[in-house]
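Quick look at query01.pdb (PDB, C-alpha atoms):
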```
ATOM      1  CA  LEU A 169      29.153   1.219 -15.760  1.00  0.00           C
ATOM      2  CA  ASN A 170      31.324  -0.786 -18.130  1.00  0.00           C
ATOM      3  CA  LYS A 171      34.007   1.913 -17.940  1.00  0.00           C
ATOM      4  CA  LYS A 172      34.086   1.393 -14.163  1.00  0.00           C
ATOM      5  CA  GLY A 173      34.336  -2.373 -14.552  1.00  0.00           C
ATOM      6  CA  ILE A 174      30.870  -2.934 -13.131  1.00  0.00           C
ATOM      7  CA  LYS A 175      28.751  -5.534 -14.895  1.00  0.00           C
ATOM      8  CA  PRO A 176      25.342  -6.044 -13.314  1.00  0.00           C
ATOM      9  CA  ASP A 177      24.001  -9.596 -13.357  1.00  0.00           C
ATOM     10  CA  GLN A 178      20.579  -8.128 -14.011  1.00  0.00           C
ATOM     11  CA  PHE A 179      19.275  -4.635 -14.752  1.00  0.00           C
ATOM     12  CA  GLU A 180      15.712  -3.475 -15.224  1.00  0.00           C
ATOM     13  CA  VAL A 181      14.090  -0.067 -15.661  1.00  0.00           C
ATOM     14  CA  THR A 182      10.400   0.367 -14.928  1.00  0.00           C
ATOM     15  CA  ALA A 183       8.169   3.422 -14.985  1.00  0.00           C
ATOM     16  CA  ARG A 184       4.913   3.962 -13.146  1.00  0.00           C
ATOM     17  CA  ALA A 185       2.662   6.981 -13.500  1.00  0.00           C
ATOM     18  CA  LYS A 186      -0.255   8.516 -11.678  1.00  0.00           C
ATOM     19  CA  VAL A 187      -2.876   9.832 -14.060  1.00  0.00           C
ATOM     20  CA  ARG A 188      -5.268  12.709 -13.500  1.00  0.00           C
ATOM     21  CA  LYS A 189      -8.897  11.562 -13.176  1.00  0.00           C
ATOM     22  CA  ASP A 190     -10.309  14.390 -15.294  1.00  0.00           C
ATOM     23  CA  HIS A 191      -9.982  14.729 -19.049  1.00  0.00           C
ATOM     24  CA  PRO A 192      -7.589  15.191 -20.631  1.00  0.00           C
ATOM     25  CA  LYS A 193      -6.010  12.342 -18.679  1.00  0.00           C
ATOM     26  CA  ILE A 194      -2.402  13.324 -18.198  1.00  0.00           C
ATOM     27  CA  PHE A 195       0.407  12.104 -15.973  1.00  0.00           C
ATOM     28  CA  THR A 196       0.574  13.911 -12.652  1.00  0.00           C
ATOM     29  CA  VAL A 197       3.758  12.166 -11.482  1.00  0.00           C
ATOM     30  CA  VAL A 198       6.054   9.530 -12.970  1.00  0.00           C
ATOM     31  CA  THR A 199       8.286   7.206 -10.926  1.00  0.00           C
ATOM     32  CA  VAL A 200      11.235   5.610 -12.715  1.00  0.00           C
ATOM     33  CA  THR A 201      12.840   2.658 -10.934  1.00  0.00           C
ATOM     34  CA  TYR A 202      16.329   1.396 -11.770  1.00  0.00           C
ATOM     35  CA  ASP A 203      16.754  -2.117 -10.358  1.00  0.00           C
ATOM     36  CA  PHE A 204      20.258  -3.631 -10.310  1.00  0.00           C
ATOM     37  CA  LYS A 205      21.410  -7.076  -9.237  1.00  0.00           C
ATOM     38  CA  LEU A 206      25.164  -7.357  -8.531  1.00  0.00           C
ATOM     39  CA  LYS A 207      27.213 -10.185  -7.073  1.00  0.00           C
ATOM     40  CA  ASP A 208      29.668  -7.892  -5.319  1.00  0.00           C
ATOM     41  CA  ALA A 209      27.776  -4.711  -4.476  1.00  0.00           C
ATOM     42  CA  ASN A 210      29.928  -2.341  -2.473  1.00  0.00           C
ATOM     43  CA  GLU A 211      30.283   1.385  -1.841  1.00  0.00           C
ATOM     44  CA  LYS A 212      32.291   1.879  -5.055  1.00  0.00           C
ATOM     45  CA  SER A 213      29.786   0.065  -7.276  1.00  0.00           C
ATOM     46  CA  ILE A 214      26.815   1.848  -5.689  1.00  0.00           C
ATOM     47  CA  LYS A 215      28.515   5.216  -6.211  1.00  0.00           C
ATOM     48  CA  ALA A 216      29.115   4.317  -9.881  1.00  0.00           C
ATOM     49  CA  ILE A 217      25.477   3.256 -10.287  1.00  0.00           C
ATOM     50  CA  LYS A 218      24.251   6.537  -8.813  1.00  0.00           C
ATOM     51  CA  ARG A 219      26.538   8.471 -11.166  1.00  0.00           C
ATOM     52  CA  ALA A 220      25.382   6.466 -14.200  1.00  0.00           C
ATOM     53  CA  VAL A 221      21.717   7.052 -13.369  1.00  0.00           C
ATOM     54  CA  ASP A 222      22.371  10.766 -12.827  1.00  0.00           C
ATOM     55  CA  LEU A 223      24.164  11.097 -16.178  1.00  0.00           C
ATOM     56  CA  SER A 224      21.458   9.148 -17.945  1.00  0.00           C
ATOM     57  CA  GLU A 225      18.629  11.236 -16.519  1.00  0.00           C
ATOM     58  CA  ASN A 226      20.225  14.663 -16.711  1.00  0.00           C
ATOM     59  CA  ASP A 227      22.567  14.576 -19.718  1.00  0.00           C
ATOM     60  CA  PHE A 228      21.636  11.817 -22.147  1.00  0.00           C
ATOM     61  CA  CYS A 229      17.951  10.851 -21.968  1.00  0.00           C
ATOM     62  CA  GLY A 230      15.656  13.010 -24.078  1.00  0.00           C
ATOM     63  CA  VAL A 231      12.587  11.126 -22.853  1.00  0.00           C
ATOM     64  CA  MET A 232      13.390  12.063 -19.250  1.00  0.00           C
ATOM     65  CA  ALA A 233      13.793  15.722 -20.268  1.00  0.00           C
ATOM     66  CA  MET A 234      10.405  15.689 -22.012  1.00  0.00           C
ATOM     67  CA  LEU A 235       8.700  14.058 -19.038  1.00  0.00           C
ATOM     68  CA  ARG A 236      10.228  16.524 -16.562  1.00  0.00           C
ATOM     69  CA  ALA A 237       9.033  19.436 -18.681  1.00  0.00           C
ATOM     70  CA  ASN A 238       5.452  18.253 -18.145  1.00  0.00           C
ATOM     71  CA  CYS A 239       5.228  16.611 -14.720  1.00  0.00           C
ATOM     72  CA  PRO A 240       7.303  15.720 -11.669  1.00  0.00           C
ATOM     73  CA  VAL A 241       9.535  12.691 -12.111  1.00  0.00           C
ATOM     74  CA  GLU A 242      10.719  10.674  -9.127  1.00  0.00           C
ATOM     75  CA  THR A 243      13.678   8.307  -9.271  1.00  0.00           C
ATOM     76  CA  GLU A 244      14.283   5.110  -7.318  1.00  0.00           C
ATOM     77  CA  ILE A 245      17.467   3.077  -7.385  1.00  0.00           C
ATOM     78  CA  ILE A 246      17.369  -0.466  -6.023  1.00  0.00           C
ATOM     79  CA  VAL A 247      20.525  -2.546  -5.619  1.00  0.00           C
ATOM     80  CA  ASN A 248      20.074  -6.203  -4.664  1.00  0.00           C
ATOM     81  CA  GLY A 249      16.579  -5.517  -3.373  1.00  0.00           C
ATOM     82  CA  GLU A 250      17.643  -2.569  -1.200  1.00  0.00           C
ATOM     83  CA  LYS A 251      16.341   0.895  -2.047  1.00  0.00           C
ATOM     84  CA  ILE A 252      18.960   3.651  -2.087  1.00  0.00           C
ATOM     85  CA  LYS A 253      17.585   6.674  -0.249  1.00  0.00           C
ATOM     86  CA  LYS A 254      16.883   9.784  -2.314  1.00  0.00           C
ATOM     87  CA  GLU A 255      19.275  11.993  -0.340  1.00  0.00           C
ATOM     88  CA  GLU A 256      22.050   9.491  -1.090  1.00  0.00           C
ATOM     89  CA  PHE A 257      22.044  10.168  -4.839  1.00  0.00           C
TER
END
```
Would you mind writing the file out in structure tokens?
Amino acid sequence: LNKKGIKPDQFEVTARAKVRKDHPKIFTVVTVTYDFKLKDANEKSIKAIKRAVDLSENDFCGVMAMLRANCPVETEIIVNGEKIKKEEF
């Protein structure tokens, strides 16, 4: 995002998982939420955020690759409290 001149005021990543009830207790689905706070959120900054998340998840993050090899992983992007719809990224 820095290359695009976008500097979030706040950024947080959280992960939640559903766990199988039977042993061994393993994750059945993981949801990763990227939460951004920006003063001037606009179409350009949201597009850059979506691209950064995509690159992170698909090209750079080994943890994401390991999780996806073992269970479904869902992604949520939130910008200024508003969830970006899945089909939009």
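For the set A:Leu223, A:Thr199, A:Pro192, A:Glu180, the residue with the smallest atom-to-atom gap to Pro240 of chain A is A:Thr199, counting all atoms listed in the file.
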Fill in: Residues in the PyMOL selection byres ((chain A and resi 222) around 12), expressed as a list in words
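On this input, the PyMOL selection byres ((chain A and resi 222) around 12) captures Tyr202, Lys215, Ala216, Ile217, Lys218, Arg219, Ala220, Val221, Leu223, Ser224, Glu225, Asn226, Asp227, Phe228, Cys229, Met232, Thr243, Glu244, Ile245, Lys254, Glu256 and Phe257 of chain A.
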How would the residues just picked look written out with C-alpha atoms as a short mmCIF file (atom, residue, chain, number, x, y, z; two decimals), in the coordinates of the input?
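This went into again_21.cif:
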```
data_model
loop_
_atom_site.label_atom_id
_atom_site.label_comp_id
_atom_site.auth_asym_id
_atom_site.auth_seq_id
_atom_site.Cartn_x
_atom_site.Cartn_y
_atom_site.Cartn_z
CA TYR A 202 16.33 1.40 -11.77
CA LYS A 215 28.52 5.22 -6.21
CA ALA A 216 29.12 4.32 -9.88
CA ILE A 217 25.48 3.26 -10.29
CA LYS A 218 24.25 6.54 -8.81
CA ARG A 219 26.54 8.47 -11.17
CA ALA A 220 25.38 6.47 -14.20
CA VAL A 221 21.72 7.05 -13.37
CA LEU A 223 24.16 11.10 -16.18
CA SER A 224 21.46 9.15 -17.94
CA GLU A 225 18.63 11.24 -16.52
CA ASN A 226 20.23 14.66 -16.71
CA ASP A 227 22.57 14.58 -19.72
CA PHE A 228 21.64 11.82 -22.15
CA CYS A 229 17.95 10.85 -21.97
CA MET A 232 13.39 12.06 -19.25
CA THR A 243 13.68 8.31 -9.27
CA GLU A 244 14.28 5.11 -7.32
CA ILE A 245 17.47 3.08 -7.38
CA LYS A 254 16.88 9.78 -2.31
CA GLU A 256 22.05 9.49 -1.09
CA PHE A 257 22.04 10.17 -4.84
#
```
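Going from atom CA of Pro176 of chain A to atom CA of Lys251 of chain A covers 16.0 Å.
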Discussion item. Which residues are near Cys239 of chain A? Cut-off 10 Å, all atoms listed in the file, ignore same chain within fewer than 3 positions. Put them as a list of chain:residue names.
Written reply: A:Ile194, A:Phe195, A:Thr196, A:Val197, A:Val198, A:Met234, A:Leu235, A:Arg236, A:Glu242
Discussion item. Report, in Å with one decimal, the straight-line distance from atom CA of Val231 of chain A to atom CA of Asp190 of chain A.
Written reply: 24.3 Å
Please rebuild segment 218-236 of chain A with N, CA, C and O atoms and give the result as an mmCIF file, keeping the file's coordinate frame.
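Written file, out-v3.cif:
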```
data_model
loop_
_atom_site.group_PDB
_atom_site.id
_atom_site.type_symbol
_atom_site.label_atom_id
_atom_site.label_comp_id
_atom_site.auth_asym_id
_atom_site.auth_seq_id
_atom_site.Cartn_x
_atom_site.Cartn_y
_atom_site.Cartn_z
ATOM 1 N N LYS A 218 24.906 5.241 -9.020
ATOM 2 C CA LYS A 218 24.251 6.537 -8.813
ATOM 3 C C LYS A 218 24.698 7.548 -9.858
ATOM 4 O O LYS A 218 23.896 8.298 -10.402
ATOM 5 N N ARG A 219 25.987 7.551 -10.158
ATOM 6 C CA ARG A 219 26.538 8.471 -11.166
ATOM 7 C C ARG A 219 25.984 8.144 -12.553
ATOM 8 O O ARG A 219 25.611 9.054 -13.305
ATOM 9 N N ALA A 220 25.902 6.874 -12.893
ATOM 10 C CA ALA A 220 25.382 6.466 -14.200
ATOM 11 C C ALA A 220 23.914 6.861 -14.362
ATOM 12 O O ALA A 220 23.503 7.359 -15.419
ATOM 13 N N VAL A 221 23.126 6.665 -13.322
ATOM 14 C CA VAL A 221 21.717 7.052 -13.369
ATOM 15 C C VAL A 221 21.604 8.568 -13.510
ATOM 16 O O VAL A 221 20.820 9.071 -14.318
ATOM 17 N N ASP A 222 22.391 9.300 -12.754
ATOM 18 C CA ASP A 222 22.371 10.766 -12.827
ATOM 19 C C ASP A 222 22.715 11.245 -14.243
ATOM 20 O O ASP A 222 22.025 12.099 -14.801
ATOM 21 N N LEU A 223 23.779 10.707 -14.815
ATOM 22 C CA LEU A 223 24.164 11.097 -16.178
ATOM 23 C C LEU A 223 23.066 10.749 -17.180
ATOM 24 O O LEU A 223 22.738 11.555 -18.062
ATOM 25 N N SER A 224 22.514 9.574 -17.044
ATOM 26 C CA SER A 224 21.458 9.148 -17.945
ATOM 27 C C SER A 224 20.264 10.103 -17.882
ATOM 28 O O SER A 224 19.781 10.572 -18.910
ATOM 29 N N GLU A 225 19.821 10.402 -16.689
ATOM 30 C CA GLU A 225 18.629 11.236 -16.519
ATOM 31 C C GLU A 225 18.860 12.696 -16.878
ATOM 32 O O GLU A 225 17.967 13.341 -17.417
ATOM 33 N N ASN A 226 20.012 13.225 -16.569
ATOM 34 C CA ASN A 226 20.225 14.663 -16.711
ATOM 35 C C ASN A 226 20.993 15.085 -17.957
ATOM 36 O O ASN A 226 20.898 16.244 -18.367
ATOM 37 N N ASP A 227 21.751 14.188 -18.564
ATOM 38 C CA ASP A 227 22.567 14.576 -19.718
ATOM 39 C C ASP A 227 22.203 13.856 -21.015
ATOM 40 O O ASP A 227 22.350 14.436 -22.086
ATOM 41 N N PHE A 228 21.769 12.608 -20.937
ATOM 42 C CA PHE A 228 21.636 11.817 -22.147
ATOM 43 C C PHE A 228 20.215 11.472 -22.573
ATOM 44 O O PHE A 228 19.968 11.242 -23.749
ATOM 45 N N CYS A 229 19.285 11.384 -21.657
ATOM 46 C CA CYS A 229 17.951 10.851 -21.968
ATOM 47 C C CYS A 229 16.962 11.960 -22.336
ATOM 48 O O CYS A 229 16.480 12.702 -21.474
ATOM 49 N N GLY A 230 16.627 12.032 -23.613
ATOM 50 C CA GLY A 230 15.656 13.010 -24.078
ATOM 51 C C GLY A 230 14.252 12.740 -23.569
ATOM 52 O O GLY A 230 13.470 13.670 -23.337
ATOM 53 N N VAL A 231 13.912 11.474 -23.376
ATOM 54 C CA VAL A 231 12.587 11.126 -22.853
ATOM 55 C C VAL A 231 12.421 11.678 -21.439
ATOM 56 O O VAL A 231 11.379 12.252 -21.105
ATOM 57 N N MET A 232 13.460 11.535 -20.617
ATOM 58 C CA MET A 232 13.390 12.063 -19.250
ATOM 59 C C MET A 232 13.213 13.584 -19.276
ATOM 60 O O MET A 232 12.428 14.139 -18.505
ATOM 61 N N ALA A 233 13.913 14.263 -20.163
ATOM 62 C CA ALA A 233 13.793 15.722 -20.268
ATOM 63 C C ALA A 233 12.367 16.117 -20.662
ATOM 64 O O ALA A 233 11.806 17.072 -20.104
ATOM 65 N N MET A 234 11.775 15.374 -21.595
ATOM 66 C CA MET A 234 10.405 15.689 -22.012
ATOM 67 C C MET A 234 9.410 15.434 -20.884
ATOM 68 O O MET A 234 8.495 16.226 -20.677
ATOM 69 N N LEU A 235 9.599 14.334 -20.160
ATOM 70 C CA LEU A 235 8.700 14.058 -19.038
ATOM 71 C C LEU A 235 8.802 15.155 -17.981
ATOM 72 O O LEU A 235 7.792 15.660 -17.500
ATOM 73 N N ARG A 236 10.032 15.507 -17.606
ATOM 74 C CA ARG A 236 10.228 16.524 -16.562
ATOM 75 C C ARG A 236 9.671 17.891 -16.947
ATOM 76 O O ARG A 236 9.329 18.680 -16.082
#
```
